[in-house]
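Source file: entry-v2.txt (compact mmCIF, C-alpha atoms)
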```txt
# COMPACT_ATOMS: atom_id res chain seq x y z
CA MET A 1 -10.91 -4.02 -9.58
CA THR A 2 -9.91 -1.51 -12.26
CA VAL A 3 -10.10 2.12 -11.23
CA THR A 4 -11.74 4.39 -13.80
CA ARG A 5 -11.68 8.17 -14.02
CA SER A 6 -14.49 10.22 -15.50
CA ARG A 7 -13.71 13.85 -16.27
CA PHE A 8 -15.93 16.64 -17.56
CA VAL A 9 -16.09 20.42 -17.63
CA VAL A 10 -19.14 22.20 -16.21
CA GLY A 11 -20.95 23.92 -19.08
CA PRO A 12 -23.12 27.05 -18.90
CA GLU A 13 -26.24 24.87 -18.89
CA ASP A 14 -25.04 23.11 -15.71
CA ALA A 15 -23.98 26.21 -13.77
CA GLY A 16 -25.71 26.20 -10.38
CA LEU A 17 -26.28 22.45 -10.32
CA ARG A 18 -25.34 20.60 -7.14
CA LEU A 19 -22.21 18.47 -7.40
CA ASP A 20 -24.15 15.21 -7.01
CA GLN A 21 -26.63 16.30 -9.69
CA ALA A 22 -23.85 17.05 -12.17
CA LEU A 23 -22.11 13.76 -11.43
CA ALA A 24 -25.29 11.77 -12.01
CA LYS A 25 -25.84 13.63 -15.27
CA HIS A 26 -22.35 13.24 -16.74
CA VAL A 27 -20.89 10.01 -15.30
CA PRO A 28 -22.35 6.92 -17.03
CA GLY A 29 -23.98 4.45 -14.65
CA LEU A 30 -23.71 6.74 -11.62
CA SER A 31 -27.01 7.45 -9.89
CA ARG A 32 -27.46 10.50 -7.71
CA ARG A 33 -27.43 8.30 -4.59
CA LYS A 34 -24.15 6.69 -5.65
CA ALA A 35 -22.81 10.11 -6.52
CA ARG A 36 -23.41 11.24 -2.94
CA VAL A 37 -21.65 8.12 -1.64
CA LEU A 38 -18.71 8.74 -3.95
CA VAL A 39 -18.42 12.34 -2.75
CA ASP A 40 -18.54 11.20 0.88
CA LEU A 41 -15.81 8.63 0.22
CA GLY A 42 -13.57 11.33 -1.20
CA GLY A 43 -13.52 10.15 -4.79
CA VAL A 44 -14.54 13.46 -6.41
CA PHE A 45 -12.27 16.38 -7.29
CA VAL A 46 -13.28 19.88 -8.41
CA ASP A 47 -10.44 21.78 -10.07
CA ARG A 48 -8.06 19.14 -8.63
CA ALA A 49 -9.22 19.67 -5.03
CA ARG A 50 -10.97 16.82 -3.21
CA ILE A 51 -14.53 17.97 -2.41
CA LYS A 52 -16.76 16.19 0.12
CA VAL A 53 -19.91 18.33 -0.03
CA ALA A 54 -22.47 16.81 -2.40
CA SER A 55 -24.65 19.94 -2.31
CA ARG A 56 -21.87 22.27 -3.45
CA PRO A 57 -23.13 24.44 -6.35
CA LEU A 58 -20.99 24.43 -9.46
CA ARG A 59 -19.78 27.19 -11.76
CA ALA A 60 -19.29 27.05 -15.51
CA GLY A 61 -15.75 26.11 -16.47
CA GLN A 62 -14.96 24.04 -13.39
CA VAL A 63 -13.28 20.69 -14.08
CA ILE A 64 -14.85 17.70 -12.34
CA GLU A 65 -13.10 14.36 -11.95
CA ALA A 66 -14.74 11.26 -10.47
CA VAL A 67 -12.56 8.28 -9.50
CA LEU A 68 -14.53 5.03 -9.36
CA GLY A 69 -13.38 1.57 -8.37
CA GLY A 70 -13.64 -1.13 -5.75
CA VAL A 71 -14.04 1.28 -2.85
CA LEU A 72 -17.36 2.52 -4.22
CA ASP A 73 -18.54 -1.03 -4.92
CA ARG A 74 -17.75 -2.06 -1.34
CA ALA A 75 -19.33 1.02 0.20
CA GLY A 76 -22.60 -0.77 0.92
CA GLU A 77 -20.92 -3.67 2.70
CA PRO A 78 -20.79 -3.78 6.51
CA ALA A 79 -17.73 -1.82 7.60
CA THR A 80 -15.68 -3.64 10.23
CA PRO A 81 -12.36 -1.90 10.88
CA PRO A 82 -9.52 -4.41 10.55
CA GLU A 83 -7.41 -5.27 13.55
CA VAL A 84 -4.11 -3.39 13.41
CA PRO A 85 -1.67 -4.62 16.08
CA VAL A 86 0.35 -1.86 17.76
CA VAL A 87 3.94 -3.06 18.13
CA TYR A 88 5.31 0.02 19.90
CA GLU A 89 4.19 3.53 20.74
CA ASP A 90 5.29 6.56 22.68
CA ALA A 91 4.67 10.30 22.54
CA ASP A 92 6.71 10.64 19.32
CA LEU A 93 5.82 7.67 17.15
CA ILE A 94 3.73 4.57 16.69
CA VAL A 95 4.82 1.31 15.04
CA VAL A 96 2.09 -1.01 13.77
CA GLU A 97 1.81 -4.25 11.83
CA LYS A 98 -0.32 -3.53 8.78
CA PRO A 99 -2.55 -6.41 7.68
CA ALA A 100 -2.69 -7.35 4.01
CA GLY A 101 -5.61 -5.82 2.13
CA LEU A 102 -5.50 -2.47 3.93
CA VAL A 103 -4.40 0.66 2.06
CA THR A 104 -1.75 2.66 3.92
CA ALA A 105 -2.96 6.16 3.06
CA PRO A 106 -5.64 8.03 1.08
CA THR A 107 -5.92 7.28 -2.63
CA PRO A 108 -7.73 9.16 -5.41
CA GLU A 109 -10.68 6.78 -4.80
CA SER A 110 -11.13 7.58 -1.14
CA ASP A 111 -9.71 9.24 1.96
CA ARG A 112 -11.63 7.00 4.36
CA GLY A 113 -10.89 3.62 5.92
CA ASP A 114 -7.17 3.55 5.12
CA LEU A 115 -4.56 2.88 7.82
CA LEU A 116 -3.68 6.54 8.27
CA ASP A 117 -7.36 7.39 8.70
CA LEU A 118 -7.84 4.56 11.24
CA LEU A 119 -4.83 5.66 13.30
CA ASN A 120 -5.93 9.29 13.23
CA ARG A 121 -9.29 8.20 14.63
CA ARG A 122 -7.77 5.95 17.30
CA ALA A 123 -4.58 7.72 18.34
CA GLY A 124 -4.34 10.86 16.21
CA PRO A 125 -3.05 13.04 15.00
CA VAL A 126 -0.43 10.94 13.22
CA TRP A 127 1.74 11.65 10.18
CA LEU A 128 2.52 9.30 7.31
CA VAL A 129 6.23 8.47 7.05
CA HIS A 130 6.32 5.61 4.51
CA ARG A 131 3.96 3.13 2.86
CA LEU A 132 3.39 -0.53 2.09
CA ASP A 133 1.42 -1.82 -0.88
CA ARG A 134 -2.16 -2.78 -0.14
CA GLU A 135 -1.48 -6.53 -0.35
CA THR A 136 1.80 -6.37 1.58
CA SER A 137 1.69 -6.96 5.32
CA GLY A 138 4.18 -5.86 7.93
CA LEU A 139 5.81 -3.11 9.94
CA LEU A 140 5.15 0.60 9.44
CA VAL A 141 6.11 3.60 11.55
CA PHE A 142 3.97 6.72 11.83
CA ALA A 143 4.99 9.98 13.52
CA ARG A 144 2.96 11.53 16.32
CA THR A 145 4.56 14.97 16.21
CA ARG A 146 5.67 17.25 13.39
CA GLU A 147 9.24 17.12 14.70
CA ALA A 148 9.26 13.30 14.66
CA ASN A 149 7.77 13.33 11.17
CA ARG A 150 10.61 15.52 9.88
CA ALA A 151 13.29 13.41 11.57
CA LEU A 152 11.87 10.07 10.45
CA GLY A 153 11.27 11.38 6.95
CA GLU A 154 14.92 12.39 6.68
CA MET A 155 16.01 8.89 7.73
CA PHE A 156 14.00 7.44 4.87
CA VAL A 157 15.40 10.00 2.41
CA VAL A 158 19.01 9.14 3.25
CA HIS A 159 18.19 5.43 3.88
CA ASP A 160 19.57 5.56 7.43
CA LEU A 161 17.48 2.66 8.72
CA GLU A 162 17.01 -1.10 8.44
CA ARG A 163 14.19 -2.61 6.38
CA ALA A 164 13.94 -6.32 5.59
CA TYR A 165 11.14 -8.28 3.92
CA VAL A 166 10.30 -11.95 3.64
CA THR A 167 9.07 -13.04 0.23
CA VAL A 168 8.48 -16.24 -1.72
CA VAL A 169 9.27 -16.17 -5.44
CA ALA A 170 8.67 -18.50 -8.36
CA GLY A 171 11.43 -20.87 -9.40
CA ALA A 172 14.84 -21.82 -8.05
CA PHE A 173 16.82 -18.67 -7.26
CA ALA A 174 20.30 -19.31 -8.66
CA GLU A 175 22.47 -17.35 -6.22
CA GLU A 176 22.54 -17.75 -2.45
CA ALA A 177 22.87 -13.99 -2.19
CA GLN A 178 22.63 -11.22 -4.76
CA THR A 179 22.48 -7.43 -4.99
CA ILE A 180 20.05 -6.07 -7.56
CA ASP A 181 20.99 -2.59 -8.75
CA ARG A 182 18.44 -1.64 -11.40
CA PRO A 183 16.54 1.66 -11.81
CA VAL A 184 12.87 1.85 -10.91
CA GLY A 185 10.91 4.73 -12.36
CA GLY A 186 14.12 6.26 -13.69
CA LYS A 187 15.72 6.39 -10.23
CA ARG A 188 18.49 4.22 -8.76
CA ALA A 189 17.09 1.27 -6.83
CA VAL A 190 19.09 -1.31 -4.87
CA THR A 191 17.78 -4.49 -3.22
CA HIS A 192 19.93 -7.06 -1.40
CA VAL A 193 18.47 -10.58 -1.37
CA ARG A 194 19.54 -13.87 0.17
CA VAL A 195 18.03 -17.34 0.09
CA VAL A 196 16.31 -18.48 3.30
CA ALA A 197 14.71 -21.72 2.09
CA ARG A 198 14.25 -23.62 -1.15
CA TYR A 199 11.14 -25.49 -2.27
CA ALA A 200 10.39 -27.69 -5.27
CA GLU A 201 9.39 -24.80 -7.55
CA ALA A 202 9.83 -21.74 -5.34
CA THR A 203 12.37 -19.94 -3.16
CA ARG A 204 11.93 -18.06 0.10
CA LEU A 205 14.07 -14.93 0.23
CA GLU A 206 14.98 -12.18 2.63
CA ALA A 207 15.05 -8.85 0.76
CA ARG A 208 16.73 -5.81 2.30
CA LEU A 209 16.07 -2.38 0.86
CA GLU A 210 18.91 0.05 0.32
CA THR A 211 16.52 2.40 -1.50
CA GLY A 212 12.74 2.59 -1.34
CA ARG A 213 11.06 2.90 -4.72
CA THR A 214 7.43 2.01 -5.42
CA HIS A 215 7.06 -1.76 -5.90
CA GLN A 216 10.87 -2.04 -5.83
CA ILE A 217 11.14 -5.61 -4.54
CA ARG A 218 8.37 -6.86 -6.81
CA LEU A 219 9.84 -5.23 -9.91
CA HIS A 220 13.41 -6.28 -9.16
CA LEU A 221 12.52 -9.93 -8.61
CA ALA A 222 10.16 -10.07 -11.59
CA GLY A 223 12.95 -8.61 -13.71
CA LEU A 224 15.18 -11.54 -12.74
CA GLY A 225 12.49 -14.01 -13.81
CA HIS A 226 11.52 -14.83 -10.22
CA PRO A 227 8.28 -12.90 -9.59
CA VAL A 228 6.80 -12.71 -6.11
CA LEU A 229 4.12 -15.37 -5.88
CA GLY A 230 0.61 -13.95 -5.83
CA ASP A 231 1.71 -10.77 -7.63
CA THR A 232 -1.10 -10.19 -10.14
CA GLU A 233 0.34 -6.84 -11.27
CA HIS A 234 3.98 -7.62 -12.02
CA GLY A 235 4.23 -11.39 -11.72
CA GLY A 236 2.69 -12.55 -14.96
CA GLU A 237 1.34 -16.03 -15.58
CA ARG A 238 4.06 -17.73 -13.59
CA ALA A 239 3.14 -15.96 -10.36
CA ARG A 240 -0.61 -16.34 -10.87
CA THR A 241 -0.74 -20.08 -11.66
CA PHE A 242 1.62 -21.42 -8.99
CA ALA A 243 0.06 -24.25 -6.96
CA PRO A 244 -0.80 -24.29 -4.18
CA ARG A 245 -1.82 -20.70 -4.78
CA PRO A 246 -0.81 -18.27 -2.02
CA PRO A 247 -3.66 -16.56 -0.16
CA ARG A 248 -2.36 -13.17 -1.38
CA LEU A 249 0.89 -11.44 -2.30
CA ALA A 250 3.72 -13.39 -0.65
CA LEU A 251 5.51 -10.34 0.72
CA HIS A 252 5.84 -9.30 4.37
CA ALA A 253 7.78 -6.39 5.92
CA ALA A 254 9.39 -8.36 8.73
CA ILE A 255 12.08 -6.04 10.16
CA LEU A 256 12.16 -2.30 10.76
CA GLY A 257 15.01 -0.60 12.61
CA PHE A 258 15.87 3.08 13.12
CA LYS A 259 17.04 5.60 15.69
CA HIS A 260 14.37 7.20 17.83
CA PRO A 261 13.77 10.64 16.28
CA ARG A 262 14.12 12.47 19.64
CA THR A 263 16.29 10.34 21.93
CA GLN A 264 18.45 8.71 19.21
CA GLU A 265 17.97 5.37 20.98
CA PRO A 266 18.26 2.45 18.53
CA LEU A 267 14.89 0.77 17.94
CA ARG A 268 14.43 -2.51 16.09
CA PHE A 269 11.23 -4.46 15.53
CA GLU A 270 10.65 -7.86 13.99
CA ARG A 271 7.39 -9.65 13.16
CA PRO A 272 7.00 -13.24 11.90
CA LEU A 273 5.01 -14.22 8.84
CA PRO A 274 1.27 -13.74 9.37
CA ALA A 275 -0.85 -16.85 9.84
CA ASP A 276 -2.20 -16.87 6.27
CA LEU A 277 1.23 -17.01 4.63
CA ALA A 278 2.68 -19.31 7.29
CA ALA A 279 -0.13 -21.84 6.78
CA TRP A 280 0.38 -21.75 3.01
CA LEU A 281 4.13 -22.25 3.33
CA ALA A 282 3.51 -25.34 5.45
CA TYR A 283 2.19 -27.06 2.31
CA LEU A 284 5.40 -26.42 0.37
CA PRO A 285 7.98 -29.19 0.90
CA GLU A 286 11.46 -27.76 1.54
CA THR A 287 14.33 -29.13 -0.52
CA GLN A 288 17.08 -27.13 1.22
CA LYS A 289 17.14 -24.84 4.23
CA ASP A 290 19.63 -22.07 4.83
```

How does this structure look as structure tokens?
Amino acid sequence: MTVTRSRFVVGPEDAGLRLDQALAKHVPGLSRRKARVLVDLGGVFVDRARIKVASRPLRAGQVIEAVLGGVLDRAGEPATPPEVPVVYEDADLIVVEKPAGLVTAPTPESDRGDLLDLLNRRAGPVWLVHRLDRETSGLLVFARTREANRALGEMFVVHDLERAYVTVVAGAFAEEAQTIDRPVGGKRAVTHVRVVARYAEATRLEARLETGRTHQIRLHLAGLGHPVLGDTEHGGERARTFAPRPPRLALHAAILGFKHPRTQEPLRFERPLPADLAAWLAYLPETQKD
């Protein structure tokens, strides 16, 4: 669902109003009850700071921003925390397999129910080291100490680790292996891909990241004319109309390797395709296997 932002400045006539009262007055279609839910979810900012107290009195001149989207619409649905398999954990870090459909960290819409929030509740405190897109599944590492967070963060900055993804793209990928060196967001971005299997109108690839830009794999492959199947944001018509349609974005973070931030012991984790993507792939007849 599209996320919308509603912004207004508190006028003299609204000075002293509660935050939920002002939201209901100025945001079209937002009742006072929904305004309180939105505040509780973390989707309201006062002077750029996230505020979670609906009764907070306002002053003239304050800037209010409300971020509305699917999180608010789903707020009334029964909340069942998703299962997040723990692959490895010790006193310094925790490695998990993120399911598709779960946001990694807080967004402007909400600071509740994301993976970081769930881990903080179950095993916290934990620190965010890197992210996966909401519809991407796979391996993520979180730090459990400030020292581990600094060390792991540095590894990601200098790209001193191993990250490999499995993806299925539209069309017949021409090369058996290729390095894509094309900027993303104005910054250098490098992805190494190789063919794993070929299908009638699709190709299964392994993609290894040398850099880690937002949506890097998706943008690089779409730029070559081979969008990731199920990518509704960057894939265009070709990715959306492929049949049989994938259950979601056909992208999985399958391998994650790095040195332990304290002991320097090499750690490497690998997870197979989740059941939803594996079952879908079973319907695609292979024409060539690497």

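Closest to Glu176 of chain A among A:Thr203, A:Thr136, A:Thr191, A:Thr287 is A:Thr203, based on only C-alpha atoms.
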
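As for atom CA of Tyr88 of chain A and atom CA of Gly138 of chain A, they are spaced 13.4 Å apart.
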
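The space separating atom CA of Arg204 of chain A from atom CA of Val184 of chain A comes to 22.8 Å.
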
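Note that atom CA of Leu139 of chain A and atom CA of Pro272 of chain A are 10.4 Å apart.
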
- [ ] List the neighbours of Thr179 of chain A out to 10 Å using all atoms listed in the file; skip same-chain residues closer than 6 positions along the sequence, and give me the result as number ranges by chain.
- [x] A: 190-194, 207-208, 210

Could you turn the residues from that selection into a file that holds C-alpha atoms, as a short mmCIF file (atom, residue, chain, number, x, y, z; two decimals), keeping the file's coordinate frame?
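This is the output file selection.cif:
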```
data_model
loop_
_atom_site.label_atom_id
_atom_site.label_comp_id
_atom_site.auth_asym_id
_atom_site.auth_seq_id
_atom_site.Cartn_x
_atom_site.Cartn_y
_atom_site.Cartn_z
CA VAL A 190 19.09 -1.31 -4.87
CA THR A 191 17.78 -4.49 -3.22
CA HIS A 192 19.93 -7.06 -1.40
CA VAL A 193 18.47 -10.58 -1.37
CA ARG A 194 19.54 -13.87 0.17
CA ALA A 207 15.05 -8.85 0.76
CA ARG A 208 16.73 -5.81 2.30
CA GLU A 210 18.91 0.05 0.32
#
```

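Ranking A:Phe156, A:Phe269, A:Phe242, A:Phe45 by their shortest atom-to-atom distance to Glu89 of chain A, with only C-alpha atoms included, puts A:Phe269 first.
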
Would you mind listing what lies within 9 Å of Leu19 of chain A as an mmCIF file with C-alpha atoms, in the frame of the given file, with only C-alpha atoms counted and same-chain residues fewer than 6 positions away left out?
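What ended up in part-v4.cif:
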```
data_model
loop_
_atom_site.group_PDB
_atom_site.id
_atom_site.type_symbol
_atom_site.label_atom_id
_atom_site.label_comp_id
_atom_site.auth_asym_id
_atom_site.auth_seq_id
_atom_site.Cartn_x
_atom_site.Cartn_y
_atom_site.Cartn_z
ATOM 1 C CA ALA A 35 -22.810 10.110 -6.520
ATOM 2 C CA ARG A 36 -23.410 11.240 -2.940
ATOM 3 C CA VAL A 39 -18.420 12.340 -2.750
ATOM 4 C CA VAL A 53 -19.910 18.330 -0.030
ATOM 5 C CA ALA A 54 -22.470 16.810 -2.400
ATOM 6 C CA SER A 55 -24.650 19.940 -2.310
ATOM 7 C CA ARG A 56 -21.870 22.270 -3.450
ATOM 8 C CA PRO A 57 -23.130 24.440 -6.350
ATOM 9 C CA LEU A 58 -20.990 24.430 -9.460
ATOM 10 C CA ILE A 64 -14.850 17.700 -12.340
#
```

Assuming the input is short of atoms at segment 226-249 of chain A, produce N, CA and C atoms for that part as a PDB file, in the coordinates of the input.
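Saved the output as out-v2.pdb:
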```
ATOM      1  N   HIS A 226      11.995 -14.180 -11.441  1.00  0.00           N
ATOM      2  CA  HIS A 226      11.520 -14.830 -10.220  1.00  0.00           C
ATOM      3  C   HIS A 226      10.465 -13.943  -9.552  1.00  0.00           C
ATOM      4  N   PRO A 227       9.288 -13.801 -10.150  1.00  0.00           N
ATOM      5  CA  PRO A 227       8.280 -12.900  -9.590  1.00  0.00           C
ATOM      6  C   PRO A 227       7.798 -13.361  -8.219  1.00  0.00           C
ATOM      7  N   VAL A 228       7.399 -12.397  -7.404  1.00  0.00           N
ATOM      8  CA  VAL A 228       6.800 -12.710  -6.110  1.00  0.00           C
ATOM      9  C   VAL A 228       5.493 -13.455  -6.345  1.00  0.00           C
ATOM     10  N   LEU A 229       5.331 -14.586  -5.688  1.00  0.00           N
ATOM     11  CA  LEU A 229       4.120 -15.370  -5.880  1.00  0.00           C
ATOM     12  C   LEU A 229       2.897 -14.601  -5.383  1.00  0.00           C
ATOM     13  N   GLY A 230       1.824 -14.681  -6.145  1.00  0.00           N
ATOM     14  CA  GLY A 230       0.610 -13.950  -5.830  1.00  0.00           C
ATOM     15  C   GLY A 230       0.596 -12.542  -6.364  1.00  0.00           C
ATOM     16  N   ASP A 231       1.650 -12.129  -7.091  1.00  0.00           N
ATOM     17  CA  ASP A 231       1.710 -10.770  -7.630  1.00  0.00           C
ATOM     18  C   ASP A 231       0.951 -10.736  -8.962  1.00  0.00           C
ATOM     19  N   THR A 232      -0.277 -10.239  -8.928  1.00  0.00           N
ATOM     20  CA  THR A 232      -1.100 -10.190 -10.140  1.00  0.00           C
ATOM     21  C   THR A 232      -0.761  -9.003 -11.018  1.00  0.00           C
ATOM     22  N   GLU A 233       0.015  -8.047 -10.502  1.00  0.00           N
ATOM     23  CA  GLU A 233       0.340  -6.840 -11.270  1.00  0.00           C
ATOM     24  C   GLU A 233       1.639  -6.973 -12.040  1.00  0.00           C
ATOM     25  N   HIS A 234       2.668  -7.534 -11.393  1.00  0.00           N
ATOM     26  CA  HIS A 234       3.980  -7.620 -12.020  1.00  0.00           C
ATOM     27  C   HIS A 234       4.449  -9.061 -12.246  1.00  0.00           C
ATOM     28  N   GLY A 235       3.719 -10.024 -11.718  1.00  0.00           N
ATOM     29  CA  GLY A 235       4.230 -11.390 -11.720  1.00  0.00           C
ATOM     30  C   GLY A 235       3.991 -12.187 -12.977  1.00  0.00           C
ATOM     31  N   GLY A 236       2.992 -11.794 -13.764  1.00  0.00           N
ATOM     32  CA  GLY A 236       2.690 -12.550 -14.960  1.00  0.00           C
ATOM     33  C   GLY A 236       2.074 -13.908 -14.667  1.00  0.00           C
ATOM     34  N   GLU A 237       1.996 -14.726 -15.692  1.00  0.00           N
ATOM     35  CA  GLU A 237       1.340 -16.030 -15.580  1.00  0.00           C
ATOM     36  C   GLU A 237       2.013 -16.927 -14.554  1.00  0.00           C
ATOM     37  N   ARG A 238       3.320 -16.853 -14.480  1.00  0.00           N
ATOM     38  CA  ARG A 238       4.060 -17.730 -13.590  1.00  0.00           C
ATOM     39  C   ARG A 238       3.691 -17.509 -12.125  1.00  0.00           C
ATOM     40  N   ALA A 239       3.498 -16.271 -11.738  1.00  0.00           N
ATOM     41  CA  ALA A 239       3.140 -15.960 -10.360  1.00  0.00           C
ATOM     42  C   ALA A 239       1.678 -16.260 -10.062  1.00  0.00           C
ATOM     43  N   ARG A 240       0.827 -16.161 -11.086  1.00  0.00           N
ATOM     44  CA  ARG A 240      -0.610 -16.340 -10.870  1.00  0.00           C
ATOM     45  C   ARG A 240      -1.030 -17.807 -10.830  1.00  0.00           C
ATOM     46  N   THR A 241      -0.292 -18.690 -11.513  1.00  0.00           N
ATOM     47  CA  THR A 241      -0.740 -20.080 -11.660  1.00  0.00           C
ATOM     48  C   THR A 241      -0.001 -21.051 -10.741  1.00  0.00           C
ATOM     49  N   PHE A 242       0.884 -20.536  -9.893  1.00  0.00           N
ATOM     50  CA  PHE A 242       1.620 -21.420  -8.990  1.00  0.00           C
ATOM     51  C   PHE A 242       0.649 -22.163  -8.070  1.00  0.00           C
ATOM     52  N   ALA A 243       0.903 -23.445  -7.849  1.00  0.00           N
ATOM     53  CA  ALA A 243       0.060 -24.250  -6.960  1.00  0.00           C
ATOM     54  C   ALA A 243       0.931 -24.917  -5.892  1.00  0.00           C
ATOM     55  N   PRO A 244       0.445 -24.905  -4.640  1.00  0.00           N
ATOM     56  CA  PRO A 244      -0.800 -24.290  -4.180  1.00  0.00           C
ATOM     57  C   PRO A 244      -0.709 -22.766  -4.176  1.00  0.00           C
ATOM     58  N   ARG A 245      -1.792 -22.152  -4.625  1.00  0.00           N
ATOM     59  CA  ARG A 245      -1.820 -20.700  -4.780  1.00  0.00           C
ATOM     60  C   ARG A 245      -1.726 -20.019  -3.419  1.00  0.00           C
ATOM     61  N   PRO A 246      -0.879 -18.997  -3.291  1.00  0.00           N
ATOM     62  CA  PRO A 246      -0.810 -18.270  -2.020  1.00  0.00           C
ATOM     63  C   PRO A 246      -2.102 -17.519  -1.749  1.00  0.00           C
ATOM     64  N   PRO A 247      -2.415 -17.262  -0.487  1.00  0.00           N
ATOM     65  CA  PRO A 247      -3.660 -16.560  -0.160  1.00  0.00           C
ATOM     66  C   PRO A 247      -3.679 -15.119  -0.628  1.00  0.00           C
ATOM     67  N   ARG A 248      -2.486 -14.560  -0.877  1.00  0.00           N
ATOM     68  CA  ARG A 248      -2.360 -13.170  -1.380  1.00  0.00           C
ATOM     69  C   ARG A 248      -0.891 -12.983  -1.736  1.00  0.00           C
ATOM     70  N   LEU A 249      -0.491 -11.744  -1.959  1.00  0.00           N
ATOM     71  CA  LEU A 249       0.890 -11.440  -2.300  1.00  0.00           C
ATOM     72  C   LEU A 249       1.824 -11.965  -1.214  1.00  0.00           C
TER      73      LEU A 249
END
```
